[in-house]
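Have a look at coords_32.cif below; it lists mmCIF, C-alpha atoms and all ligand atoms.
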data_final
loop_
_atom_site.group_PDB
_atom_site.id
_atom_site.type_symbol
_atom_site.label_atom_id
_atom_site.label_comp_id
_atom_site.auth_asym_id
_atom_site.auth_seq_id
_atom_site.Cartn_x
_atom_site.Cartn_y
_atom_site.Cartn_z
ATOM 1 C CA ASN A 12 -45.806 -17.773 21.488
ATOM 2 C CA PHE A 13 -45.727 -13.956 21.294
ATOM 3 C CA SER A 14 -44.193 -13.330 24.696
ATOM 4 C CA LEU A 15 -40.465 -12.857 25.205
ATOM 5 C CA GLU A 16 -40.845 -13.563 28.926
ATOM 6 C CA GLY A 17 -37.829 -15.441 30.259
ATOM 7 C CA ARG A 18 -35.659 -14.474 27.307
ATOM 8 C CA THR A 19 -32.600 -12.223 27.209
ATOM 9 C CA TYR A 20 -31.535 -10.017 24.277
ATOM 10 C CA VAL A 21 -28.442 -7.943 23.653
ATOM 11 C CA VAL A 22 -29.128 -4.546 22.071
ATOM 12 C CA MET A 23 -26.059 -2.865 20.545
ATOM 13 C CA GLY A 24 -26.088 0.775 19.417
ATOM 14 C CA VAL A 25 -28.292 2.854 21.677
ATOM 15 C CA ALA A 26 -26.784 6.350 21.562
ATOM 16 C CA ASN A 27 -29.828 8.272 22.852
ATOM 17 C CA LYS A 28 -33.613 8.102 22.967
ATOM 18 C CA ARG A 29 -33.879 8.733 19.229
ATOM 19 C CA SER A 30 -31.748 5.709 18.351
ATOM 20 C CA ILE A 31 -33.444 2.937 16.392
ATOM 21 C CA ALA A 32 -31.866 0.570 18.915
ATOM 22 C CA TRP A 33 -33.884 2.291 21.622
ATOM 23 C CA GLY A 34 -37.116 1.667 19.675
ATOM 24 C CA ILE A 35 -36.127 -1.998 19.502
ATOM 25 C CA ALA A 36 -35.292 -2.064 23.215
ATOM 26 C CA ARG A 37 -38.716 -0.690 24.114
ATOM 27 C CA SER A 38 -40.589 -3.188 21.939
ATOM 28 C CA LEU A 39 -38.629 -6.126 23.368
ATOM 29 C CA HIS A 40 -39.064 -4.817 26.904
ATOM 30 C CA GLU A 41 -42.834 -4.478 26.457
ATOM 31 C CA ALA A 42 -42.902 -8.084 25.240
ATOM 32 C CA GLY A 43 -41.332 -9.145 28.548
ATOM 33 C CA ALA A 44 -37.711 -9.612 27.495
ATOM 34 C CA ARG A 45 -34.705 -9.011 29.680
ATOM 35 C CA LEU A 46 -32.300 -6.564 28.020
ATOM 36 C CA ILE A 47 -28.574 -6.109 27.888
ATOM 37 C CA PHE A 48 -27.116 -2.998 26.253
ATOM 38 C CA THR A 49 -23.704 -2.407 24.756
ATOM 39 C CA VAL A 50 -22.276 1.042 24.013
ATOM 40 C CA ALA A 51 -19.267 2.079 21.942
ATOM 41 C CA SER A 52 -17.397 3.780 24.764
ATOM 42 C CA GLU A 53 -17.402 4.737 28.422
ATOM 43 C CA ARG A 54 -18.686 8.148 27.305
ATOM 44 C CA PHE A 55 -22.156 6.738 26.499
ATOM 45 C CA LYS A 56 -22.399 4.377 29.452
ATOM 46 C CA LYS A 57 -24.032 6.746 31.936
ATOM 47 C CA SER A 58 -26.612 8.129 29.497
ATOM 48 C CA VAL A 59 -27.604 4.656 28.269
ATOM 49 C CA GLN A 60 -27.761 3.378 31.859
ATOM 50 C CA ASP A 61 -30.073 6.313 32.706
ATOM 51 C CA LEU A 62 -32.222 5.562 29.658
ATOM 52 C CA ALA A 63 -32.317 1.852 30.510
ATOM 53 C CA ASP A 64 -33.412 2.707 34.042
ATOM 54 C CA THR A 65 -36.558 4.359 32.614
ATOM 55 C CA LEU A 66 -37.810 0.927 31.467
ATOM 56 C CA GLU A 67 -40.300 -0.093 34.136
ATOM 57 C CA GLY A 68 -40.628 -3.551 35.630
ATOM 58 C CA GLY A 69 -38.636 -6.627 34.774
ATOM 59 C CA GLN A 70 -35.039 -7.273 35.687
ATOM 60 C CA GLU A 71 -32.539 -4.470 35.834
ATOM 61 C CA PRO A 72 -30.918 -3.899 32.416
ATOM 62 C CA LEU A 73 -27.154 -4.298 32.243
ATOM 63 C CA VAL A 74 -24.895 -1.995 30.206
ATOM 64 C CA TYR A 75 -21.504 -3.108 28.844
ATOM 65 C CA GLU A 76 -18.893 -1.286 26.834
ATOM 66 C CA CYS A 77 -18.095 -2.780 23.427
ATOM 67 C CA ASP A 78 -16.146 -0.999 20.711
ATOM 68 C CA VAL A 79 -16.840 -3.209 17.702
ATOM 69 C CA THR A 80 -13.571 -2.233 15.988
ATOM 70 C CA SER A 81 -11.747 -4.451 18.508
ATOM 71 C CA ASP A 82 -11.979 -8.261 18.423
ATOM 72 C CA GLU A 83 -10.643 -8.392 21.981
ATOM 73 C CA ALA A 84 -13.311 -5.954 23.173
ATOM 74 C CA ILE A 85 -16.029 -8.023 21.507
ATOM 75 C CA MET A 86 -14.749 -11.310 22.981
ATOM 76 C CA GLU A 87 -14.422 -9.755 26.420
ATOM 77 C CA THR A 88 -17.913 -8.248 26.292
ATOM 78 C CA PHE A 89 -19.603 -11.525 25.404
ATOM 79 C CA GLU A 90 -17.520 -13.438 27.970
ATOM 80 C CA ASN A 91 -18.729 -10.973 30.595
ATOM 81 C CA ILE A 92 -22.310 -11.287 29.400
ATOM 82 C CA GLN A 93 -22.016 -15.065 29.598
ATOM 83 C CA LYS A 94 -20.655 -14.845 33.148
ATOM 84 C CA ASP A 95 -23.431 -12.471 34.212
ATOM 85 C CA VAL A 96 -26.523 -13.935 32.513
ATOM 86 C CA GLY A 97 -25.533 -17.242 30.892
ATOM 87 C CA VAL A 98 -27.754 -17.850 27.911
ATOM 88 C CA ILE A 99 -29.003 -15.180 25.479
ATOM 89 C CA HIS A 100 -31.762 -15.577 22.887
ATOM 90 C CA GLY A 101 -30.890 -12.917 20.404
ATOM 91 C CA LEU A 102 -28.998 -9.821 19.480
ATOM 92 C CA ALA A 103 -29.868 -6.536 17.758
ATOM 93 C CA HIS A 104 -26.926 -5.030 15.851
ATOM 94 C CA CYS A 105 -27.748 -1.331 15.281
ATOM 95 C CA ILE A 106 -24.279 0.035 14.577
ATOM 96 C CA ALA A 107 -22.858 1.981 11.684
ATOM 97 C CA PHE A 108 -20.268 4.666 11.043
ATOM 98 C CA ALA A 109 -18.743 6.537 8.128
ATOM 99 C CA ASN A 110 -16.789 9.780 7.959
ATOM 100 C CA ARG A 111 -19.227 12.621 7.584
ATOM 101 C CA ASP A 112 -17.296 14.272 4.749
ATOM 102 C CA GLU A 113 -17.786 11.138 2.640
ATOM 103 C CA LEU A 114 -21.584 11.176 3.033
ATOM 104 C CA LYS A 115 -21.935 13.980 0.514
ATOM 105 C CA ASP A 116 -20.834 14.763 -3.032
ATOM 106 C CA GLU A 117 -19.512 11.900 -5.144
ATOM 107 C CA PHE A 118 -18.818 8.307 -4.097
ATOM 108 C CA LEU A 119 -15.936 8.481 -6.554
ATOM 109 C CA ASN A 120 -13.936 10.464 -3.998
ATOM 110 C CA THR A 121 -14.155 7.848 -1.232
ATOM 111 C CA SER A 122 -10.751 7.439 0.409
ATOM 112 C CA ARG A 123 -9.215 4.051 1.191
ATOM 113 C CA ASP A 124 -9.323 4.861 4.896
ATOM 114 C CA GLY A 125 -12.921 6.025 4.746
ATOM 115 C CA PHE A 126 -13.934 2.922 2.828
ATOM 116 C CA LEU A 127 -12.236 0.606 5.326
ATOM 117 C CA THR A 128 -13.612 2.435 8.372
ATOM 118 C CA ALA A 129 -17.186 2.287 7.064
ATOM 119 C CA HIS A 130 -16.879 -1.417 6.268
ATOM 120 C CA ASN A 131 -15.082 -2.224 9.507
ATOM 121 C CA ILE A 132 -17.687 -0.682 11.807
ATOM 122 C CA SER A 133 -20.837 -1.031 9.707
ATOM 123 C CA ALA A 134 -20.389 -4.441 8.056
ATOM 124 C CA TYR A 135 -17.590 -6.595 9.505
ATOM 125 C CA SER A 136 -18.794 -5.959 13.060
ATOM 126 C CA LEU A 137 -21.873 -8.122 12.418
ATOM 127 C CA THR A 138 -19.712 -11.164 11.690
ATOM 128 C CA ALA A 139 -17.389 -10.532 14.625
ATOM 129 C CA VAL A 140 -20.302 -10.069 16.996
ATOM 130 C CA ALA A 141 -22.223 -13.096 15.666
ATOM 131 C CA ARG A 142 -19.156 -15.300 16.224
ATOM 132 C CA ALA A 143 -18.743 -14.070 19.810
ATOM 133 C CA ALA A 144 -22.461 -14.360 20.591
ATOM 134 C CA GLN A 145 -23.008 -17.830 19.102
ATOM 135 C CA PRO A 146 -21.831 -19.809 22.157
ATOM 136 C CA LEU A 147 -24.288 -17.840 24.325
ATOM 137 C CA MET A 148 -27.256 -18.798 22.115
ATOM 138 C CA ALA A 149 -27.370 -22.357 23.376
ATOM 139 C CA ASP A 150 -31.172 -22.564 22.981
ATOM 140 C CA GLY A 151 -31.082 -21.136 19.452
ATOM 141 C CA GLY A 152 -31.492 -17.457 18.719
ATOM 142 C CA SER A 153 -32.230 -14.572 16.447
ATOM 143 C CA ILE A 154 -29.781 -11.954 15.216
ATOM 144 C CA VAL A 155 -31.207 -8.779 13.691
ATOM 145 C CA THR A 156 -29.193 -6.087 11.928
ATOM 146 C CA LEU A 157 -30.240 -2.748 10.485
ATOM 147 C CA THR A 158 -29.717 -1.909 6.882
ATOM 148 C CA TYR A 159 -30.862 0.711 4.380
ATOM 149 C CA LEU A 160 -32.086 0.931 0.790
ATOM 150 C CA GLY A 161 -28.823 2.682 -0.116
ATOM 151 C CA GLY A 162 -27.204 -0.772 -0.130
ATOM 152 C CA GLU A 163 -29.553 -1.969 -2.899
ATOM 153 C CA GLN A 164 -29.879 1.176 -4.990
ATOM 154 C CA VAL A 165 -27.924 4.355 -5.444
ATOM 155 C CA VAL A 166 -29.231 6.894 -2.936
ATOM 156 C CA LYS A 167 -27.811 10.390 -3.222
ATOM 157 C CA ASN A 168 -25.138 11.181 -0.588
ATOM 158 C CA TYR A 169 -25.297 7.731 1.026
ATOM 159 C CA ASN A 170 -22.151 6.780 -0.888
ATOM 160 C CA VAL A 171 -19.675 4.595 1.010
ATOM 161 C CA MET A 172 -22.314 3.721 3.591
ATOM 162 C CA GLY A 173 -24.429 2.236 0.804
ATOM 163 C CA VAL A 174 -21.531 0.043 -0.254
ATOM 164 C CA ALA A 175 -21.013 -0.993 3.381
ATOM 165 C CA LYS A 176 -24.735 -1.840 3.692
ATOM 166 C CA ALA A 177 -24.469 -4.050 0.586
ATOM 167 C CA SER A 178 -21.639 -5.874 2.353
ATOM 168 C CA LEU A 179 -23.701 -6.065 5.538
ATOM 169 C CA ASP A 180 -26.679 -7.543 3.638
ATOM 170 C CA ALA A 181 -24.492 -10.211 2.034
ATOM 171 C CA SER A 182 -22.792 -10.953 5.377
ATOM 172 C CA MET A 183 -26.231 -11.400 6.936
ATOM 173 C CA LYS A 184 -27.085 -14.073 4.353
ATOM 174 C CA TYR A 185 -23.811 -15.986 4.720
ATOM 175 C CA LEU A 186 -24.171 -15.882 8.509
ATOM 176 C CA ALA A 187 -27.770 -17.125 8.222
ATOM 177 C CA ASN A 188 -26.460 -20.096 6.266
ATOM 178 C CA ASP A 189 -23.659 -20.862 8.756
ATOM 179 C CA LEU A 190 -25.749 -20.448 11.899
ATOM 180 C CA GLY A 191 -28.975 -22.093 10.741
ATOM 181 C CA LYS A 192 -27.753 -25.519 11.862
ATOM 182 C CA HIS A 193 -27.509 -24.130 15.410
ATOM 183 C CA ASN A 194 -31.095 -22.878 15.193
ATOM 184 C CA ILE A 195 -29.844 -19.307 15.043
ATOM 185 C CA ARG A 196 -31.624 -17.092 12.533
ATOM 186 C CA VAL A 197 -30.081 -13.944 11.028
ATOM 187 C CA ASN A 198 -32.168 -11.236 9.353
ATOM 188 C CA ALA A 199 -32.003 -7.545 8.490
ATOM 189 C CA ILE A 200 -34.525 -4.769 8.814
ATOM 190 C CA SER A 201 -34.222 -2.154 6.085
ATOM 191 C CA ALA A 202 -35.547 0.936 7.842
ATOM 192 C CA GLY A 203 -36.819 4.031 6.114
ATOM 193 C CA PRO A 204 -35.063 7.278 7.054
ATOM 194 C CA ILE A 205 -35.483 8.250 10.703
ATOM 195 C CA ARG A 206 -34.018 11.360 12.305
ATOM 196 C CA THR A 207 -31.255 10.094 14.631
ATOM 197 C CA LEU A 208 -27.737 11.146 15.606
ATOM 198 C CA SER A 209 -26.259 9.087 12.741
ATOM 199 C CA ALA A 210 -28.807 10.386 10.220
ATOM 200 C CA LYS A 211 -27.514 13.917 10.921
ATOM 201 C CA GLY A 212 -24.291 12.901 9.205
ATOM 202 C CA VAL A 213 -26.011 12.165 5.881
ATOM 203 C CA GLY A 214 -26.108 15.163 3.527
ATOM 204 C CA ASP A 215 -29.585 16.627 2.737
ATOM 205 C CA PHE A 216 -31.349 14.311 5.165
ATOM 206 C CA ASN A 217 -34.425 16.596 5.262
ATOM 207 C CA GLN A 218 -34.711 16.258 1.505
ATOM 208 C CA ILE A 219 -34.618 12.444 1.812
ATOM 209 C CA LEU A 220 -37.433 12.594 4.376
ATOM 210 C CA SER A 221 -39.621 14.871 2.281
ATOM 211 C CA VAL A 222 -39.345 12.542 -0.726
ATOM 212 C CA ILE A 223 -40.658 9.723 1.506
ATOM 213 C CA GLU A 224 -43.611 11.866 2.550
ATOM 214 C CA GLU A 225 -44.446 12.559 -1.100
ATOM 215 C CA ARG A 226 -43.801 9.201 -2.757
ATOM 216 C CA ALA A 227 -43.866 6.297 -0.262
ATOM 217 C CA PRO A 228 -47.100 4.269 -0.443
ATOM 218 C CA LEU A 229 -47.935 5.228 3.165
ATOM 219 C CA ARG A 230 -46.994 8.902 2.458
ATOM 220 C CA ARG A 231 -45.128 9.262 5.758
ATOM 221 C CA ALA A 232 -41.849 8.366 7.413
ATOM 222 C CA VAL A 233 -41.571 5.379 9.751
ATOM 223 C CA THR A 234 -40.862 5.548 13.482
ATOM 224 C CA GLN A 235 -38.417 3.834 15.821
ATOM 225 C CA GLU A 236 -41.437 2.037 17.333
ATOM 226 C CA GLU A 237 -42.389 0.530 13.981
ATOM 227 C CA VAL A 238 -38.878 -0.767 13.441
ATOM 228 C CA GLY A 239 -38.904 -1.972 17.063
ATOM 229 C CA ASP A 240 -42.067 -4.012 16.559
ATOM 230 C CA THR A 241 -40.615 -5.715 13.466
ATOM 231 C CA ALA A 242 -37.504 -6.556 15.502
ATOM 232 C CA TYR A 243 -39.843 -8.018 18.146
ATOM 233 C CA TYR A 244 -41.443 -10.190 15.446
ATOM 234 C CA LEU A 245 -37.991 -11.327 14.282
ATOM 235 C CA MET A 246 -36.901 -12.113 17.860
ATOM 236 C CA SER A 247 -40.115 -14.021 18.608
ATOM 237 C CA ASP A 248 -41.210 -17.488 17.505
ATOM 238 C CA LEU A 249 -43.711 -15.883 15.114
ATOM 239 C CA SER A 250 -40.806 -15.596 12.649
ATOM 240 C CA ARG A 251 -39.353 -19.067 13.359
ATOM 241 C CA GLY A 252 -39.303 -19.991 9.654
ATOM 242 C CA VAL A 253 -37.638 -16.756 8.540
ATOM 243 C CA THR A 254 -33.872 -16.383 8.079
ATOM 244 C CA GLY A 255 -31.532 -14.648 5.643
ATOM 245 C CA GLU A 256 -34.293 -12.138 4.905
ATOM 246 C CA VAL A 257 -34.377 -8.339 4.523
ATOM 247 C CA ILE A 258 -37.667 -6.908 5.767
ATOM 248 C CA HIS A 259 -38.325 -3.345 4.626
ATOM 249 C CA VAL A 260 -39.945 -1.172 7.277
ATOM 250 C CA ASP A 261 -40.030 1.896 5.085
ATOM 251 C CA SER A 262 -43.670 2.838 4.362
ATOM 252 C CA GLY A 263 -43.255 0.783 1.176
ATOM 253 C CA PHE A 264 -40.819 3.248 -0.391
ATOM 254 C CA ASN A 265 -38.589 0.528 -1.890
ATOM 255 C CA ILE A 266 -41.328 -0.664 -4.294
ATOM 256 C CA VAL A 267 -41.834 2.733 -5.919
ATOM 257 C CA ALA A 268 -39.906 3.602 -9.071
HETATM 258 O O1 LIG B 301 -32.482 6.802 8.922
HETATM 259 C C1 LIG B 301 -31.866 6.126 9.738
HETATM 260 N N1 LIG B 301 -31.543 6.614 10.924
HETATM 261 C C2 LIG B 301 -31.506 4.722 9.373
HETATM 262 C C3 LIG B 301 -30.566 4.030 10.106
HETATM 263 C C4 LIG B 301 -32.180 4.104 8.214
HETATM 264 C C5 LIG B 301 -31.783 2.737 7.973
HETATM 265 C C6 LIG B 301 -30.839 2.100 8.716
HETATM 266 N N2 LIG B 301 -30.231 2.750 9.772
HETATM 267 C C7 LIG B 301 -29.234 2.028 10.550
HETATM 268 C C8 LIG B 301 -27.893 2.703 10.707
HETATM 269 O O2 LIG B 301 -27.120 2.623 9.539
HETATM 270 C C9 LIG B 301 -27.329 1.879 11.852
HETATM 271 O O3 LIG B 301 -26.860 0.640 11.349
HETATM 272 O O4 LIG B 301 -29.677 1.815 11.858
HETATM 273 C C10 LIG B 301 -28.555 1.607 12.715
HETATM 274 C C11 LIG B 301 -28.702 2.488 13.946
HETATM 275 O O5 LIG B 301 -28.572 3.818 13.573
HETATM 276 P P1 LIG B 301 -29.330 5.065 14.228
HETATM 277 O O6 LIG B 301 -30.266 4.605 15.269
HETATM 278 O O7 LIG B 301 -29.820 5.882 13.099
HETATM 279 O O8 LIG B 301 -28.111 5.885 14.843
HETATM 280 P P2 LIG B 301 -27.560 6.262 16.298
HETATM 281 O O9 LIG B 301 -28.634 6.569 17.250
HETATM 282 O O10 LIG B 301 -26.555 7.346 16.049
HETATM 283 O O11 LIG B 301 -26.786 4.956 16.778
HETATM 284 C C12 LIG B 301 -25.641 4.449 16.094
HETATM 285 C C13 LIG B 301 -24.818 3.652 17.067
HETATM 286 C C14 LIG B 301 -24.277 4.536 18.200
HETATM 287 O O12 LIG B 301 -24.525 3.887 19.437
HETATM 288 P P3 LIG B 301 -23.657 4.054 20.792
HETATM 289 O O13 LIG B 301 -24.525 3.982 21.974
HETATM 290 O O14 LIG B 301 -22.707 2.894 20.766
HETATM 291 O O15 LIG B 301 -22.987 5.362 20.679
HETATM 292 O O16 LIG B 301 -23.687 3.066 16.415
HETATM 293 C C15 LIG B 301 -22.651 3.204 17.316
HETATM 294 C C16 LIG B 301 -22.866 4.623 17.756
HETATM 295 O O17 LIG B 301 -21.975 5.025 18.761
HETATM 296 N N3 LIG B 301 -21.281 2.991 16.891
HETATM 297 C C17 LIG B 301 -20.477 2.045 17.450
HETATM 298 N N4 LIG B 301 -20.732 1.080 18.361
HETATM 299 C C18 LIG B 301 -19.721 0.275 18.739
HETATM 300 N N5 LIG B 301 -18.484 0.392 18.253
HETATM 301 C C19 LIG B 301 -19.215 2.217 16.893
HETATM 302 C C20 LIG B 301 -18.183 1.349 17.343
HETATM 303 N N6 LIG B 301 -16.920 1.428 16.901
HETATM 304 N N7 LIG B 301 -19.278 3.259 16.015
HETATM 305 C C21 LIG B 301 -20.538 3.711 16.023
#

Produce structure tokens that represent the structure in this file.
Amino acid sequence: NFSLEGRTYVVMGVANKRSIAWGIARSLHEAGARLIFTVASERFKKSVQDLADTLEGGQEPLVYECDVTSDEAIMETFENIQKDVGVIHGLAHCIAFANRDELKDEFLNTSRDGFLTAHNISAYSLTAVARAAQPLMADGGSIVTLTYLGGEQVVKNYNVMGVAKASLDASMKYLANDLGKHNIRVNAISAGPIRTLSAKGVGDFNQILSVIEERAPLRRAVTQEEVGDTAYYLMSDLSRGVTGEVIHVDSGFNIVA
């Protein structure tokens, strides 16, 4: 069944309309899903609520605050979601952070604090969130996280975020193994570079994009919509036999030497 009618998904990490999370939200919404958004702080609540209100039809989207650096905040958010909607069918984790000054020059200079911050927000949060969301996925579910090639190979300037993505990818696999017995699947989408708020923090991002346009098999960058449609596939029953997988939505760039 392709439709997500009657299903509810939590989308974490919409900052603005350029966010990959917003591409995912639109794809799931078009497939008939009910959406719940979480934002890092009160500061983003109004703008994400306004964005959510532009989705036409269906039930009114709900927006919750959830700073993923706090276990209490995560527990509280999912308790509130459970009170308000009961069962959920999946979750899109589209959250990452590293200090901007460590996304340039050499990885060698990564500070202890910078390393821990990047891993805390960008990798550990998936495990914390999966644990809090599990009781809500009583009918089984699908968890999707967003990763990047920089976790598999050395990508200039990606530095500590690449190391955090490697940790995220491994976490995704261990979680897939733990949650499979509850009929909860866990997968990652490795997106090609897309111009977003977070991407602005990566040194020479324009250069990264132009290399994609020259060398990727499709000779172009990918869009939020393309990532969104792969998330839709992973949330739907079409992917029911797929877990612990990284799907590259990157114009094929990862296969080119
Ligand atoms: O080229 C790209 N843009 C790629 C991004 C290529 C491949 C992967 N990705 C990944 C990113 O690493 C990230 O995991 O996709 C994910 C989404 O990133 P994005 O769409 O590029 O970035 P952005 O629009 O800036 O969203 C990042 C979100 C923001 O959402 P909210 O609404 O919460 O502000 O991560 C959030 C950030 O605020 N975030 C946090 N959320 C909760 N708690 C926290 C936090 N402590 N810190 C950052």

Check your understanding: Of the candidates A:Asp261, A:Asp61, A:Asp116, A:Asp240, which one gets nearest to ligand LIG 301 (chain B) if we count all atoms listed in the file?
Key -> A:Asp261

Exercise for review: Taking the file above as input, evaluate the PyMOL selection byres (((not hetatm)) within 7 of (chain B and resi 301)) and report the hits as a PyMOL selection string.
Suggested key: chain A and resi 23-27+29-32+49-52+55+77-80+105-108+132-133+157-159+201-210

Point to revise | Protein and nucleic acid residues near (-24.0, -3.1, 1.1) (cut-off 9 Å, all atoms listed in the file) as number ranges by chain | key: A: 130, 134, 158-159, 161-163, 171-181

Review point. Pick from A:Asp124, A:Glu224, A:Asp189, A:Glu117: nearest to Gly263 of chain A, with all atoms listed in the file counted?
Key: A:Glu224

Got a sec to resolve the PyMOL selection byres (((chain A and resi 193) around 10) and not hetatm) on this structure and send the residues as an mmCIF file with C-alpha atoms, keeping the file's coordinate frame?
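The resulting file, expr_10.cif, is shown below:
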data_model
loop_
_atom_site.group_PDB
_atom_site.id
_atom_site.type_symbol
_atom_site.label_atom_id
_atom_site.label_comp_id
_atom_site.auth_asym_id
_atom_site.auth_seq_id
_atom_site.Cartn_x
_atom_site.Cartn_y
_atom_site.Cartn_z
ATOM 1 C CA GLN A 145 -23.008 -17.830 19.102
ATOM 2 C CA PRO A 146 -21.831 -19.809 22.157
ATOM 3 C CA MET A 148 -27.256 -18.798 22.115
ATOM 4 C CA ALA A 149 -27.370 -22.357 23.376
ATOM 5 C CA ASP A 150 -31.172 -22.564 22.981
ATOM 6 C CA GLY A 151 -31.082 -21.136 19.452
ATOM 7 C CA GLY A 152 -31.492 -17.457 18.719
ATOM 8 C CA ASP A 189 -23.659 -20.862 8.756
ATOM 9 C CA LEU A 190 -25.749 -20.448 11.899
ATOM 10 C CA GLY A 191 -28.975 -22.093 10.741
ATOM 11 C CA LYS A 192 -27.753 -25.519 11.862
ATOM 12 C CA ASN A 194 -31.095 -22.878 15.193
ATOM 13 C CA ILE A 195 -29.844 -19.307 15.043
ATOM 14 C CA ARG A 196 -31.624 -17.092 12.533
#

Exercise for review: Within 12 Å of His100 of chain A, counting all atoms listed in the file, which residues show up once you throw out same-chain ones fewer than 3 positions away? Write them as a VMD selection string, please.
Suggested key: chain A and resid 15 to 22 39 44 to 47 93 96 to 97 103 144 to 155 194 to 196 245 to 248

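Note that the spacing between atom CA of Lys57 of chain A and atom CA of Asn131 of chain A amounts to 25.8 Å.
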
Review point. What's the 6 Å shell around segment 227-239 of chain A, counting only C-alpha atoms, without same-chain residues fewer than 3 positions away, as a PyMOL selection string?
Key: chain A and resi 31+34-35+38+223-224+242+262-264

Exercise for review: Apply the PyMOL selection byres (((chain A and resi 198) around 7) and not hetatm) to the file shown and report the selected residues as number ranges by chain.
Suggested key: A: 154-156, 183, 196-197, 199-200, 254-257

Review point. Of the candidates A:Val260, A:Gly252, A:Ala109, A:Asn188, which shows the shortest atom-to-atom distance to Lys211 of chain A, using only C-alpha atoms?
Key: A:Ala109

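Between atom CA of Asp215 of chain A and atom CA of Leu160 of chain A the separation is 16.0 Å.
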
Exercise for review: Using all atoms listed in the file, collect all residues at a distance of at most 12 Å from (-35.2, -6.9, 37.9) as written in the file, then present them as JSON, numbers by chain.
Suggested key: {"A": [17, 40, 43, 44, 45, 46, 63, 64, 66, 67, 68, 69, 70, 71, 72, 73]}

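What separates atom CA of Phe48 of chain A from atom CA of Ala129 of chain A is a distance of 22.2 Å.
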
Please supply segment 101-114 of chain A, rebuilt with N, CA and C atoms, as a short mmCIF file (atom, residue, chain, number, x, y, z; two decimals), keeping the file's coordinate frame.
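Listed below is the output, out-v5.cif:
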data_model
loop_
_atom_site.label_atom_id
_atom_site.label_comp_id
_atom_site.auth_asym_id
_atom_site.auth_seq_id
_atom_site.Cartn_x
_atom_site.Cartn_y
_atom_site.Cartn_z
N GLY A 101 -30.98 -13.70 21.63
CA GLY A 101 -30.89 -12.92 20.40
C GLY A 101 -30.08 -11.66 20.60
N LEU A 102 -29.88 -10.98 19.48
CA LEU A 102 -29.00 -9.82 19.48
C LEU A 102 -29.46 -8.84 18.40
N ALA A 103 -29.55 -7.57 18.75
CA ALA A 103 -29.87 -6.54 17.76
C ALA A 103 -28.61 -5.72 17.50
N HIS A 104 -28.14 -5.75 16.26
CA HIS A 104 -26.93 -5.03 15.85
C HIS A 104 -27.38 -3.75 15.15
N CYS A 105 -27.21 -2.61 15.81
CA CYS A 105 -27.75 -1.33 15.28
C CYS A 105 -26.61 -0.33 15.21
N ILE A 106 -25.54 -0.71 14.55
CA ILE A 106 -24.28 0.04 14.58
C ILE A 106 -23.81 0.36 13.16
N ALA A 107 -23.44 1.59 12.97
CA ALA A 107 -22.86 1.98 11.68
C ALA A 107 -22.04 3.25 11.87
N PHE A 108 -21.05 3.42 11.02
CA PHE A 108 -20.27 4.67 11.04
C PHE A 108 -19.56 4.88 9.72
N ALA A 109 -19.58 6.12 9.26
CA ALA A 109 -18.74 6.54 8.13
C ALA A 109 -18.34 7.99 8.38
N ASN A 110 -17.21 8.38 7.80
CA ASN A 110 -16.79 9.78 7.96
C ASN A 110 -17.81 10.68 7.30
N ARG A 111 -18.19 11.73 8.03
CA ARG A 111 -19.23 12.62 7.58
C ARG A 111 -18.91 13.25 6.23
N ASP A 112 -17.64 13.59 6.01
CA ASP A 112 -17.30 14.27 4.75
C ASP A 112 -17.37 13.34 3.54
N GLU A 113 -17.61 12.06 3.77
CA GLU A 113 -17.79 11.14 2.64
C GLU A 113 -19.26 10.77 2.42
N LEU A 114 -20.14 11.39 3.20
CA LEU A 114 -21.58 11.18 3.03
C LEU A 114 -22.21 12.36 2.31
#
